[in-house]
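To be precise, the following lines are entry-v3.txt, and they hold compact mmCIF, C-alpha atoms.
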# COMPACT_ATOMS: atom_id res chain seq x y z
CA MET P 1480 60.77 3.03 7.34
CA THR P 1481 59.18 0.99 4.58
CA ARG P 1482 56.68 -0.57 7.00
CA LYS P 1483 55.77 2.84 8.46
CA ARG P 1484 55.37 4.29 4.96
CA ASN P 1485 53.02 1.44 3.96
CA VAL P 1486 50.91 1.94 7.07
CA PHE P 1487 50.72 5.67 6.32
CA TYR P 1488 49.52 5.12 2.73
CA LEU P 1489 47.02 2.48 3.84
CA ALA P 1490 45.54 4.84 6.40
CA LEU P 1491 45.43 7.65 3.82
CA GLY P 1492 43.62 5.41 1.34
CA LEU P 1493 41.03 4.35 3.90
CA GLY P 1494 40.45 7.95 4.85
CA LEU P 1495 39.83 8.94 1.25
CA CYS P 1496 37.35 6.08 0.86
CA LEU P 1497 35.41 7.27 3.86
CA LEU P 1498 35.37 10.83 2.58
CA CYS P 1499 34.21 9.91 -0.89
CA GLY P 1500 31.58 7.39 0.20
CA THR P 1501 29.83 4.81 -1.97
CA VAL P 1502 26.31 4.70 -3.36
CA VAL P 1503 25.14 1.10 -3.26
CA GLY P 1504 22.25 -0.22 -5.34
CA ALA P 1505 20.06 -3.24 -4.64
CA GLY P 1506 20.65 -5.01 -7.94
CA PRO P 1507 19.86 -4.05 -11.51
CA THR P 1508 16.30 -2.91 -10.73
CA ALA P 1509 17.27 -0.64 -7.84
CA THR P 1510 16.93 3.11 -7.62
CA VAL P 1511 18.72 5.06 -4.92
CA LEU P 1512 17.05 8.25 -3.77
CA GLU P 1513 18.68 10.60 -1.32
CA PRO P 1514 17.94 14.22 -0.40
CA ALA P 1515 20.08 17.22 -1.22
CA THR P 1516 21.23 17.33 2.41
CA VAL P 1517 23.51 14.29 2.04
CA PRO P 1518 26.73 16.35 1.65
CA GLY P 1519 26.17 17.55 5.20
CA ALA P 1520 25.79 14.04 6.57
CA THR P 1521 27.16 13.19 9.98
CA PRO P 1522 30.10 10.75 10.22
CA LYS P 1523 27.54 7.97 10.77
CA GLY P 1524 26.20 8.57 7.25
CA PRO P 1525 22.67 8.27 5.86
CA ILE P 1526 20.03 5.99 7.34
CA ARG P 1527 19.41 3.14 4.90
CA ILE P 1528 15.75 2.33 4.19
CA GLY P 1529 14.58 -0.28 1.69
CA VAL P 1530 11.51 0.42 -0.44
CA MET P 1531 9.80 -2.55 -2.08
CA LEU P 1532 6.97 -1.63 -4.44
CA SER P 1533 5.07 -3.07 -7.39
CA MET P 1534 6.52 -0.76 -10.03
CA THR P 1535 5.52 -3.22 -12.78
CA GLY P 1536 3.10 -6.14 -12.98
CA ALA P 1537 -0.50 -6.42 -11.76
CA GLY P 1538 -0.08 -3.88 -8.96
CA ALA P 1539 1.99 -1.36 -10.91
CA ALA P 1540 -0.54 1.47 -10.70
CA TYR P 1541 -0.52 1.24 -6.90
CA GLY P 1542 3.25 0.97 -6.53
CA GLN P 1543 3.95 3.86 -8.86
CA MET P 1544 1.53 6.08 -6.95
CA GLU P 1545 3.04 5.05 -3.62
CA TRP P 1546 6.53 5.91 -4.85
CA ILE P 1547 5.36 9.39 -5.80
CA GLY P 1548 3.77 9.76 -2.36
CA ILE P 1549 6.97 8.66 -0.65
CA GLN P 1550 9.04 11.18 -2.63
CA VAL P 1551 6.68 14.03 -1.67
CA ALA P 1552 6.78 12.92 1.97
CA MET P 1553 10.58 12.88 1.79
CA LYS P 1554 10.45 16.62 1.10
CA MET P 1555 8.50 16.99 4.34
CA VAL P 1556 10.95 14.96 6.45
CA GLN P 1557 14.45 14.76 4.98
CA LYS P 1558 16.28 13.91 8.17
CA THR P 1559 15.79 11.98 11.37
CA LEU P 1560 18.25 11.67 14.26
CA ASN P 1561 20.02 14.56 12.49
CA ARG P 1562 20.97 12.17 9.68
CA PRO P 1563 19.75 12.16 6.06
CA VAL P 1564 17.74 9.24 4.74
CA ARG P 1565 18.78 7.10 1.79
CA LEU P 1566 16.07 5.05 0.07
CA TYR P 1567 16.79 1.88 -1.91
CA LEU P 1568 13.87 1.21 -4.27
CA VAL P 1569 13.39 -2.27 -5.71
CA ASP P 1570 10.61 -3.42 -8.03
CA THR P 1571 8.85 -6.57 -6.78
CA LYS P 1572 7.21 -6.83 -10.22
CA SER P 1573 4.04 -7.81 -8.28
CA ASP P 1574 5.57 -11.29 -8.03
CA LYS P 1575 6.10 -13.38 -4.87
CA ILE P 1576 9.42 -14.92 -5.93
CA GLU P 1577 10.84 -11.60 -7.13
CA ALA P 1578 9.77 -10.00 -3.85
CA ALA P 1579 11.44 -12.73 -1.77
CA ASN P 1580 14.70 -12.32 -3.70
CA ALA P 1581 14.53 -8.54 -3.43
CA VAL P 1582 14.09 -8.46 0.34
CA ASN P 1583 17.10 -10.70 0.78
CA ARG P 1584 19.18 -8.28 -1.33
CA LEU P 1585 18.02 -5.30 0.69
CA ILE P 1586 18.77 -6.93 4.02
CA ASN P 1587 22.00 -8.75 3.21
CA LYS P 1588 23.61 -6.51 0.57
CA ASN P 1589 22.28 -3.03 1.26
CA LYS P 1590 22.09 -3.46 5.05
CA VAL P 1591 18.81 -1.57 5.38
CA VAL P 1592 17.47 -1.00 8.89
CA ALA P 1593 13.79 -1.02 7.86
CA ILE P 1594 11.62 -1.63 4.80
CA ILE P 1595 8.68 0.28 3.33
CA GLY P 1596 6.43 -2.14 1.44
CA PRO P 1597 5.58 -4.32 -0.29
CA THR P 1598 2.55 -2.91 -2.08
CA ILE P 1599 0.10 -5.81 -2.42
CA SER P 1600 -0.90 -8.61 -0.06
CA SER P 1601 0.53 -11.53 -2.04
CA THR P 1602 4.07 -10.10 -2.19
CA SER P 1603 3.84 -8.90 1.40
CA LEU P 1604 2.97 -12.43 2.51
CA ALA P 1605 6.14 -13.64 0.74
CA VAL P 1606 8.35 -10.96 2.31
CA ALA P 1607 7.02 -10.88 5.89
CA PRO P 1608 8.52 -14.19 7.12
CA ILE P 1609 11.94 -13.26 5.70
CA ALA P 1610 11.91 -9.86 7.39
CA GLU P 1611 10.71 -11.52 10.60
CA THR P 1612 13.59 -14.00 10.60
CA ALA P 1613 16.10 -11.20 9.93
CA ARG P 1614 14.42 -8.99 12.56
CA VAL P 1615 14.11 -6.07 10.16
CA PRO P 1616 10.80 -4.18 10.46
CA MET P 1617 8.64 -3.77 7.36
CA ILE P 1618 5.70 -1.40 7.01
CA SER P 1619 3.40 -1.90 4.04
CA PRO P 1620 1.43 1.05 2.70
CA SER P 1621 -1.40 -1.04 1.28
CA ALA P 1622 -1.28 -4.79 2.00
CA THR P 1623 -4.70 -5.27 3.62
CA ASN P 1624 -4.79 -9.07 4.07
CA PRO P 1625 -4.76 -9.77 7.85
CA LEU P 1626 -2.34 -12.69 7.46
CA VAL P 1627 0.50 -10.29 6.57
CA THR P 1628 0.94 -9.27 10.21
CA GLN P 1629 -0.62 -12.25 11.98
CA ASN P 1630 1.66 -13.76 14.66
CA ARG P 1631 4.52 -11.50 13.58
CA LYS P 1632 6.42 -8.84 15.53
CA TYR P 1633 8.22 -7.10 12.65
CA ALA P 1634 5.37 -6.63 10.15
CA PHE P 1635 3.28 -3.44 10.16
CA ARG P 1636 1.03 -1.47 7.82
CA THR P 1637 -0.46 2.02 7.44
CA CYS P 1638 -3.68 0.82 5.79
CA PHE P 1639 -6.76 -0.69 7.42
CA ILE P 1640 -7.23 -4.45 7.10
CA ASP P 1641 -9.73 -6.46 5.07
CA PRO P 1642 -11.96 -7.57 7.96
CA PHE P 1643 -12.72 -3.90 8.65
CA GLN P 1644 -13.03 -3.03 4.95
CA GLY P 1645 -15.30 -6.01 4.24
CA ILE P 1646 -17.56 -5.14 7.17
CA VAL P 1647 -17.78 -1.49 6.06
CA ALA P 1648 -18.74 -2.55 2.51
CA ALA P 1649 -21.36 -5.04 3.71
CA ARG P 1650 -22.97 -2.55 6.07
CA TYR P 1651 -23.00 0.13 3.41
CA ALA P 1652 -24.63 -2.24 0.93
CA TYR P 1653 -27.23 -3.47 3.42
CA ARG P 1654 -28.00 -0.41 5.54
CA VAL P 1655 -27.37 2.54 3.24
CA LEU P 1656 -28.10 1.12 -0.21
CA GLY P 1657 -30.82 -1.21 1.07
CA LYS P 1658 -29.53 -4.26 -0.84
CA ARG P 1659 -30.44 -7.81 0.16
CA ARG P 1660 -29.17 -10.10 -2.63
CA ALA P 1661 -25.44 -10.00 -3.38
CA ALA P 1662 -23.41 -11.75 -6.07
CA ILE P 1663 -19.62 -11.89 -5.82
CA ILE P 1664 -16.94 -12.47 -8.49
CA ILE P 1665 -13.62 -13.37 -6.83
CA ASP P 1666 -10.09 -13.40 -8.25
CA ILE P 1667 -8.81 -16.63 -6.70
CA ALA P 1668 -5.21 -15.84 -7.74
CA GLN P 1669 -5.07 -12.98 -5.19
CA ASP P 1670 -5.02 -13.51 -1.42
CA TYR P 1671 -6.45 -10.00 -1.11
CA SER P 1672 -9.55 -10.82 -3.17
CA VAL P 1673 -10.28 -14.14 -1.48
CA GLY P 1674 -10.00 -12.64 1.99
CA LEU P 1675 -12.05 -9.53 1.25
CA ALA P 1676 -14.85 -11.61 -0.32
CA LYS P 1677 -14.96 -13.79 2.78
CA PHE P 1678 -15.31 -10.86 5.20
CA PHE P 1679 -17.94 -9.10 3.07
CA ALA P 1680 -20.04 -12.25 2.71
CA ALA P 1681 -19.91 -13.05 6.44
CA GLU P 1682 -21.09 -9.59 7.50
CA PHE P 1683 -23.69 -9.24 4.74
CA THR P 1684 -25.20 -12.59 5.77
CA ARG P 1685 -25.07 -11.71 9.47
CA LEU P 1686 -27.05 -8.56 8.77
CA GLY P 1687 -29.78 -10.57 7.06
CA GLY P 1688 -28.71 -10.37 3.42
CA LYS P 1689 -28.10 -13.34 1.16
CA VAL P 1690 -25.17 -14.13 -1.11
CA VAL P 1691 -27.11 -15.58 -4.04
CA ALA P 1692 -24.11 -16.36 -6.29
CA LYS P 1693 -20.34 -16.66 -6.26
CA ALA P 1694 -18.16 -16.92 -9.37
CA PHE P 1695 -14.40 -17.09 -9.76
CA CYS P 1696 -11.74 -15.68 -12.08
CA GLN P 1697 -7.96 -15.26 -12.16
CA SER P 1698 -5.72 -12.25 -12.65
CA GLY P 1699 -5.16 -11.67 -16.34
CA ASP P 1700 -8.50 -13.09 -17.48
CA GLN P 1701 -10.15 -11.10 -20.27
CA ASP P 1702 -13.50 -12.86 -20.75
CA PHE P 1703 -15.97 -12.94 -17.86
CA THR P 1704 -19.15 -13.71 -19.78
CA ALA P 1705 -19.47 -17.22 -18.30
CA GLN P 1706 -19.28 -15.91 -14.73
CA ILE P 1707 -21.71 -13.07 -15.40
CA SER P 1708 -24.15 -15.34 -17.26
CA SER P 1709 -24.23 -17.72 -14.29
CA ILE P 1710 -25.07 -14.82 -11.96
CA ILE P 1711 -27.86 -13.14 -13.94
CA PRO P 1712 -30.55 -15.82 -13.24
CA LYS P 1713 -29.98 -15.35 -9.49
CA LYS P 1714 -31.25 -11.74 -9.77
CA PRO P 1715 -28.74 -10.02 -7.46
CA ASP P 1716 -29.45 -6.44 -6.45
CA ILE P 1717 -25.74 -5.71 -5.91
CA LEU P 1718 -22.52 -7.06 -7.44
CA TYR P 1719 -19.48 -7.15 -5.15
CA LEU P 1720 -16.07 -7.23 -6.87
CA PRO P 1721 -13.23 -7.52 -4.29
CA ASN P 1722 -10.53 -7.46 -6.98
CA TYR P 1723 -7.92 -5.20 -8.57
CA TYR P 1724 -8.80 -2.44 -11.01
CA THR P 1725 -8.15 -4.20 -14.35
CA GLU P 1726 -10.38 -7.19 -13.71
CA ASP P 1727 -13.05 -5.02 -12.07
CA ALA P 1728 -13.17 -2.67 -15.07
CA LEU P 1729 -13.50 -5.54 -17.56
CA ILE P 1730 -16.18 -7.25 -15.47
CA ALA P 1731 -18.13 -3.98 -15.29
CA ILE P 1732 -17.98 -3.54 -19.09
CA GLN P 1733 -19.15 -7.08 -19.79
CA ALA P 1734 -21.82 -7.00 -17.06
CA ARG P 1735 -23.41 -3.94 -18.65
CA GLN P 1736 -23.17 -5.52 -22.09
CA LEU P 1737 -25.06 -8.55 -20.77
CA LYS P 1738 -27.69 -6.28 -19.18
CA LEU P 1739 -26.72 -6.95 -15.57
CA THR P 1740 -27.70 -3.57 -14.14
CA ALA P 1741 -27.13 -4.15 -10.41
CA PRO P 1742 -24.91 -1.50 -8.80
CA ILE P 1743 -21.26 -2.50 -8.31
CA LEU P 1744 -19.36 -2.22 -5.05
CA SER P 1745 -15.65 -2.97 -4.62
CA GLY P 1746 -12.66 -2.48 -2.33
CA ASP P 1747 -9.59 -0.28 -2.22
CA GLY P 1748 -7.89 -2.33 -4.96
CA ALA P 1749 -10.18 -0.65 -7.48
CA GLN P 1750 -9.05 2.88 -6.64
CA ALA P 1751 -6.79 3.57 -9.59
CA MET P 1752 -7.50 5.84 -12.55
CA ASP P 1753 -6.95 2.81 -14.78
CA LEU P 1754 -10.33 1.54 -13.55
CA ILE P 1755 -11.94 4.60 -15.14
CA ASN P 1756 -9.64 4.69 -18.17
CA ILE P 1757 -10.48 1.07 -18.99
CA GLY P 1758 -14.11 0.94 -17.84
CA LYS P 1759 -15.23 4.37 -19.07
CA LYS P 1760 -19.05 4.64 -19.00
CA ALA P 1761 -19.44 1.12 -17.62
CA VAL P 1762 -17.93 2.16 -14.28
CA GLU P 1763 -20.09 5.26 -13.79
CA GLY P 1764 -21.74 4.74 -10.40
CA PHE P 1765 -19.09 2.18 -9.37
CA MET P 1766 -18.62 2.38 -5.57
CA LEU P 1767 -15.73 1.29 -3.37
CA THR P 1768 -14.26 1.38 0.11
CA GLY P 1769 -11.05 3.41 0.15
CA HIS P 1770 -8.40 4.88 2.41
CA PHE P 1771 -8.39 8.53 1.45
CA HIS P 1772 -9.86 11.30 -0.68
CA PRO P 1773 -8.62 14.90 -0.75
CA ARG P 1774 -12.03 16.02 0.52
CA SER P 1775 -11.54 13.84 3.61
CA ALA P 1776 -8.16 15.42 4.48
CA ALA P 1777 -8.36 16.35 8.15
CA THR P 1778 -4.81 16.79 9.47
CA LYS P 1779 -2.17 19.48 9.09
CA THR P 1780 0.07 16.77 7.65
CA ALA P 1781 -2.50 16.07 4.94
CA LYS P 1782 -2.88 19.72 4.02
CA ARG P 1783 0.89 20.21 3.79
CA PHE P 1784 1.22 17.06 1.71
CA LEU P 1785 -1.55 18.19 -0.67
CA ALA P 1786 0.14 21.57 -1.16
CA LEU P 1787 3.53 20.01 -1.92
CA PHE P 1788 1.96 17.41 -4.19
CA LYS P 1789 0.06 20.01 -6.19
CA LYS P 1790 3.20 22.10 -6.60
CA LYS P 1791 5.25 19.16 -7.88
CA TYR P 1792 2.48 17.39 -9.85
CA PRO P 1793 -0.02 20.06 -10.93
CA ASN P 1794 -1.69 17.76 -13.46
CA LYS P 1795 -2.13 14.75 -11.16
CA THR P 1796 -4.93 13.96 -8.72
CA VAL P 1797 -3.96 12.80 -5.24
CA THR P 1798 -5.19 9.26 -4.59
CA ALA P 1799 -5.29 6.96 -1.58
CA PHE P 1800 -2.12 5.22 -2.73
CA HIS P 1801 -0.17 8.48 -2.85
CA ALA P 1802 -1.35 9.14 0.71
CA LEU P 1803 -0.61 5.60 1.95
CA GLY P 1804 2.92 5.66 0.52
CA ALA P 1805 3.53 8.98 2.26
CA ASP P 1806 2.13 7.66 5.53
CA ALA P 1807 4.36 4.57 5.50
CA TYR P 1808 7.40 6.84 5.14
CA LEU P 1809 6.25 9.41 7.72
CA VAL P 1810 5.22 6.82 10.33
CA LEU P 1811 8.59 5.10 9.91
CA MET P 1812 10.52 8.38 10.26
CA ASP P 1813 8.52 9.21 13.38
CA ALA P 1814 9.30 5.78 14.85
CA ILE P 1815 13.03 6.09 14.15
CA GLY P 1816 13.02 9.50 15.82
CA ARG P 1817 11.22 8.17 18.90
CA ALA P 1818 13.50 5.14 19.00
CA GLY P 1819 16.52 7.43 19.06
CA SER P 1820 18.38 4.70 17.20
CA THR P 1821 18.74 2.89 13.89
CA ASN P 1822 18.75 -0.47 15.65
CA PRO P 1823 16.02 -2.46 13.82
CA THR P 1824 14.63 -3.94 17.05
CA LYS P 1825 14.29 -0.50 18.64
CA ILE P 1826 12.63 0.82 15.46
CA ARG P 1827 10.25 -2.15 15.63
CA ASP P 1828 9.36 -1.32 19.24
CA ALA P 1829 8.70 2.31 18.35
CA LEU P 1830 6.47 1.33 15.40
CA ALA P 1831 4.44 -0.91 17.70
CA ALA P 1832 3.99 2.03 20.09
CA THR P 1833 2.59 4.39 17.41
CA ARG P 1834 -0.56 6.07 18.71
CA ARG P 1835 -2.71 8.75 17.07
CA PHE P 1836 -0.10 9.75 14.51
CA PRO P 1837 -1.45 12.59 12.33
CA GLY P 1838 -0.91 11.06 8.90
CA VAL P 1839 -1.91 12.13 5.41
CA SER P 1840 -4.75 9.60 5.25
CA GLY P 1841 -5.96 10.37 8.78
CA ILE P 1842 -5.14 9.62 12.40
CA ILE P 1843 -3.18 6.37 12.61
CA SER P 1844 -2.69 4.11 15.61
CA ILE P 1845 -0.92 0.75 15.44
CA ASP P 1846 -2.68 -1.99 17.38
CA HIS P 1847 -1.04 -4.94 19.13
CA GLY P 1848 -1.16 -6.94 15.90
CA GLY P 1849 0.81 -4.39 13.87
CA ASN P 1850 -2.28 -3.12 12.05
CA ALA P 1851 -3.38 0.47 11.50
CA VAL P 1852 -6.59 1.51 13.20
CA LYS P 1853 -8.08 4.27 11.07
CA SER P 1854 -11.12 5.44 9.11
CA ALA P 1855 -12.36 4.30 5.70
CA VAL P 1856 -14.05 6.38 3.02
CA ILE P 1857 -16.76 5.45 0.54
CA LEU P 1858 -16.10 6.68 -3.00
CA GLU P 1859 -18.17 6.64 -6.18
CA VAL P 1860 -17.17 7.12 -9.81
CA LYS P 1861 -18.97 10.12 -11.23
CA GLY P 1862 -18.08 12.07 -14.34
CA GLY P 1863 -14.86 10.10 -14.76
CA GLN P 1864 -13.59 10.89 -11.25
CA PHE P 1865 -13.59 9.27 -7.81
CA VAL P 1866 -16.07 11.31 -5.79
CA TYR P 1867 -16.15 11.31 -1.99
CA ARG P 1868 -19.39 10.11 -0.39
CA THR P 1869 -18.74 9.59 3.31
CA THR P 1870 -16.25 8.58 6.01
CA VAL P 1871 -16.71 5.51 8.19
CA ASN P 1872 -14.85 5.42 11.52
CA PRO P 1873 -13.57 2.20 13.12

Just give me the structure as structure tokens.
Amino acid sequence: MTRKRNVFYLALGLGLCLLCGTVVGAGPTATVLEPATVPGATPKGPIRIGVMLSMTGAGAAYGQMEWIGIQVAMKMVQKTLNRPVRLYLVDTKSDKIEAANAVNRLINKNKVVAIIGPTISSTSLAVAPIAETARVPMISPSATNPLVTQNRKYAFRTCFIDPFQGIVAARYAYRVLGKRRAAIIIDIAQDYSVGLAKFFAAEFTRLGGKVVAKAFCQSGDQDFTAQISSIIPKKPDILYLPNYYTEDALIAIQARQLKLTAPILSGDGAQAMDLINIGKKAVEGFMLTGHFHPRSAATKTAKRFLALFKKKYPNKTVTAFHALGADAYLVLMDAIGRAGSTNPTKIRDALAATRRFPGVSGIISIDHGGNAVKSAVILEVKGGQFVYRTTVNP
């Protein structure tokens, strides 16, 4: 009787544990987000998805916007496979080592079946080989360096890649703006900046333009007068800054102070309101290649997202990074639904088969290299806002 009674109480205890459930974090920096539908979860429980974003550090503005976009998208799709979704957010702190540690926690401790992120190219390059070895698919909203997905089966993205972005910028500078002499200031601490500069320079030169000067800086630098002073005698008619928003804003301020009046062109890393908040009048006329602008919204998904966003954040402006975060979530949910399974390999196969998905930032297809094939937009800072100029199709 004693043995039977012990077995009974053990079974009762296990049953209570299953009924109550456990919310698991991913370490001290983790946030767990789950929809209101969780109480109605099936016996299989919520689908565990890791989210790795730059919530602090050099890429914080991007990561914070992407997290907002993901939360709005979660209101659009709360369930897949008739199961709620549970998100485990970890802050990579825009740091390679922190990102590598975080992805190991998500995979080994939280048992996630897929990962959204990381935000920037450098942290994505640190995470991708770990996810590849574990065979857990990752989909970055905004890591544009082509090496992130190169020769990998489990790495994906919902943004275009730097070769396309660099070509678009070079053609716009040469054909539309009529520029022939480019100077480039490159942040050598960022894989993103080095790669984007390379692709711009190659296309600009191929078209017949000339790169008359190159100068280098590092993330966190405050004084760029030496670089700008070395460029001025070369008389460039355009300044290309393939960097993140803080450095670009400071370079713009100091360039205008030193009477370098050439127009400035940049990449998607400059599309954060901090560029305008820091640069103020110095960034008026600043142009960049970007992923999205509300005026370019062309899908029903985009219009629904914009309506939900405006309702929840009436005082915020929708940016490309809000849209890209949403797209990473929505593309992943679509893939899980088509896979009919939470098996990471099946999710990976479904992601690779994504074709003409109507996302927030446009129509998205995933090519054989795991990259998104999609349009780019050209934006310009006017009156303290990012203003839409045109769309460039791949």

Sort by chain and increasing residue number a table of all residues of region 1539-1575 of chain P within 10 Å of region 1799-1822 of chain P, each with its closest pair of atoms and their distance in Å to one decimal, counting only C-alpha atoms, and write it as JSON lines.
{"residue": "P:Ala1540", "atom": "CA", "partner": "P:Phe1800", "partner_atom": "CA", "distance": 8.9}
{"residue": "P:Tyr1541", "atom": "CA", "partner": "P:Phe1800", "partner_atom": "CA", "distance": 6.0}
{"residue": "P:Gly1542", "atom": "CA", "partner": "P:Phe1800", "partner_atom": "CA", "distance": 7.8}
{"residue": "P:Gln1543", "atom": "CA", "partner": "P:His1801", "partner_atom": "CA", "distance": 8.6}
{"residue": "P:Met1544", "atom": "CA", "partner": "P:His1801", "partner_atom": "CA", "distance": 5.0}
{"residue": "P:Glu1545", "atom": "CA", "partner": "P:Gly1804", "partner_atom": "CA", "distance": 4.2}
{"residue": "P:Trp1546", "atom": "CA", "partner": "P:Gly1804", "partner_atom": "CA", "distance": 6.5}
{"residue": "P:Ile1547", "atom": "CA", "partner": "P:His1801", "partner_atom": "CA", "distance": 6.3}
{"residue": "P:Gly1548", "atom": "CA", "partner": "P:His1801", "partner_atom": "CA", "distance": 4.2}
{"residue": "P:Ile1549", "atom": "CA", "partner": "P:Ala1805", "partner_atom": "CA", "distance": 4.5}
{"residue": "P:Gln1550", "atom": "CA", "partner": "P:Ala1805", "partner_atom": "CA", "distance": 7.7}
{"residue": "P:Val1551", "atom": "CA", "partner": "P:Ala1805", "partner_atom": "CA", "distance": 7.1}
{"residue": "P:Ala1552", "atom": "CA", "partner": "P:Ala1805", "partner_atom": "CA", "distance": 5.1}
{"residue": "P:Met1553", "atom": "CA", "partner": "P:Tyr1808", "partner_atom": "CA", "distance": 7.6}
{"residue": "P:Met1555", "atom": "CA", "partner": "P:Leu1809", "partner_atom": "CA", "distance": 8.6}
{"residue": "P:Val1556", "atom": "CA", "partner": "P:Leu1809", "partner_atom": "CA", "distance": 7.4}
{"residue": "P:Gln1557", "atom": "CA", "partner": "P:Met1812", "partner_atom": "CA", "distance": 9.2}
{"residue": "P:Lys1558", "atom": "CA", "partner": "P:Met1812", "partner_atom": "CA", "distance": 8.3}
{"residue": "P:Thr1559", "atom": "CA", "partner": "P:Gly1816", "partner_atom": "CA", "distance": 5.8}
{"residue": "P:Leu1560", "atom": "CA", "partner": "P:Gly1816", "partner_atom": "CA", "distance": 5.9}
{"residue": "P:Asn1561", "atom": "CA", "partner": "P:Gly1816", "partner_atom": "CA", "distance": 9.3}
{"residue": "P:Val1564", "atom": "CA", "partner": "P:Met1812", "partner_atom": "CA", "distance": 9.1}

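Put simply, CA of Ala1831 (chain P) is 24.8 Å away from CA of Ile1646 (chain P).
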
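Across the model, the gap from CA of Gly1524 (chain P) to CA of Phe1836 (chain P) is 27.3 Å.
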
Skip Phe1643 (chain P) itself and residues of its chain fewer than 5 positions away, then list as a ChimeraX atom specification all residues within 9 Å of it, counting only C-alpha atoms. /P:1648,1678,1855,1873

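For the residues P:Leu1744, P:Ala1832, P:Ala1649, P:Ile1711, ranking by smallest atom-to-atom distance to Phe1683 (chain P) using all atoms listed in the file places P:Ala1649 first.
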
Show me the residues around (-10.4, -4.4, 5.3) - criterion: an atom at most 10 Å away, all atoms listed in the file counted - as a PyMOL selection string. chain P and resi 1622-1625+1638-1648+1671+1674-1675+1678-1679+1746-1747+1768-1770+1855

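Closest to Ala1777 (chain P) among P:Ser1854, P:Thr1612, P:Ser1745, P:Gln1736 is P:Ser1854, based on all atoms listed in the file.
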
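The nearest approach to Thr1824 (chain P) among the residues P:Met1531, P:Glu1611, P:Arg1565, P:Leu1785, with only C-alpha atoms taken into account, belongs to P:Glu1611.
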
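With only C-alpha atoms as the atoms that count, the minimum distance from Thr1602 (chain P) to the choices P:Val1860, P:Ala1578, P:Ala1652, P:Ile1586 is reached by P:Ala1578.
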
Could you tell me, as JSON, numbers by chain, which residues have any atom at most 12 Å from (-7.9, 0.9, -15.4), counting all atoms listed in the file? {"P": [1537, 1538, 1539, 1540, 1541, 1723, 1724, 1725, 1726, 1727, 1728, 1729, 1730, 1731, 1732, 1748, 1749, 1750, 1751, 1752, 1753, 1754, 1755, 1756, 1757, 1758, 1759, 1761, 1762, 1863]}

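With CA of Pro1620 (chain P) on one side and CA of Ser1600 (chain P) on the other, the separation reads 10.3 Å.
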
Residue with smallest distance to Thr1684 (chain P) - pool P:Leu1626, P:Ala1605, P:Ala1661, P:Ile1528, counting only C-alpha atoms: P:Ala1661

Ranking P:Ile1707, P:Met1766, P:Ala1668, P:Ile1843 by minimum distance to Thr1780 (chain P) and counting only C-alpha atoms, which one comes first? P:Ile1843

For Ala1607 (chain P), work out the shell of residues within 8 Å, counting only C-alpha atoms and skipping chain neighbours fewer than 5 positions away, then give it as a ChimeraX atom specification. /P:1617,1627-1628,1633-1634

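Residue neighbourhood of Lys1782 (chain P), excluding near-sequence residues (fewer than 5 positions): Pro1773, Ala1776, Ala1777, Leu1787 and Val1839 of chain P, at 9 Å, using only C-alpha atoms.
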
Can you pull out every residue within 10 Å of Val1690 (chain P), counting all atoms listed in the file, but drop anything in the same chain fewer than 2 positions away, and send it as a VMD selection string? chain P and resid 1659 to 1663 1679 to 1681 1683 to 1684 1688 1692 to 1693 1713 1715 1717 to 1719

Write only N, CA and C atoms for region 1681-1690 of chain P from the block just shown, as a PDB file, in the first residue's frame.
ATOM      1  N   ALA P1681      33.073  49.731 -56.009  1.00  0.00           N
ATOM      2  CA  ALA P1681      33.228  48.901 -57.208  1.00  0.00           C
ATOM      3  C   ALA P1681      32.241  49.306 -58.293  1.00  0.00           C
ATOM      4  N   GLU P1682      30.984  49.535 -57.927  1.00  0.00           N
ATOM      5  CA  GLU P1682      29.970  49.898 -58.918  1.00  0.00           C
ATOM      6  C   GLU P1682      30.168  51.331 -59.414  1.00  0.00           C
ATOM      7  N   PHE P1683      30.501  52.242 -58.519  1.00  0.00           N
ATOM      8  CA  PHE P1683      30.709  53.640 -58.910  1.00  0.00           C
ATOM      9  C   PHE P1683      31.859  53.738 -59.917  1.00  0.00           C
ATOM     10  N   THR P1684      32.912  52.982 -59.687  1.00  0.00           N
ATOM     11  CA  THR P1684      34.062  52.967 -60.595  1.00  0.00           C
ATOM     12  C   THR P1684      33.698  52.304 -61.922  1.00  0.00           C
ATOM     13  N   ARG P1685      32.941  51.219 -61.859  1.00  0.00           N
ATOM     14  CA  ARG P1685      32.522  50.524 -63.080  1.00  0.00           C
ATOM     15  C   ARG P1685      31.703  51.432 -63.988  1.00  0.00           C
ATOM     16  N   LEU P1686      30.894  52.286 -63.372  1.00  0.00           N
ATOM     17  CA  LEU P1686      30.059  53.198 -64.142  1.00  0.00           C
ATOM     18  C   LEU P1686      30.863  54.320 -64.798  1.00  0.00           C
ATOM     19  N   GLY P1687      32.075  54.548 -64.313  1.00  0.00           N
ATOM     20  CA  GLY P1687      32.896  55.621 -64.873  1.00  0.00           C
ATOM     21  C   GLY P1687      33.262  56.699 -63.870  1.00  0.00           C
ATOM     22  N   GLY P1688      32.766  56.575 -62.639  1.00  0.00           N
ATOM     23  CA  GLY P1688      33.122  57.533 -61.596  1.00  0.00           C
ATOM     24  C   GLY P1688      34.489  57.222 -61.013  1.00  0.00           C
ATOM     25  N   LYS P1689      34.945  58.069 -60.119  1.00  0.00           N
ATOM     26  CA  LYS P1689      36.250  57.886 -59.490  1.00  0.00           C
ATOM     27  C   LYS P1689      36.132  58.084 -57.987  1.00  0.00           C
ATOM     28  N   VAL P1690      36.683  57.164 -57.223  1.00  0.00           N
ATOM     29  CA  VAL P1690      36.772  57.335 -55.778  1.00  0.00           C
ATOM     30  C   VAL P1690      38.063  58.101 -55.510  1.00  0.00           C
TER      31      VAL P1690
END
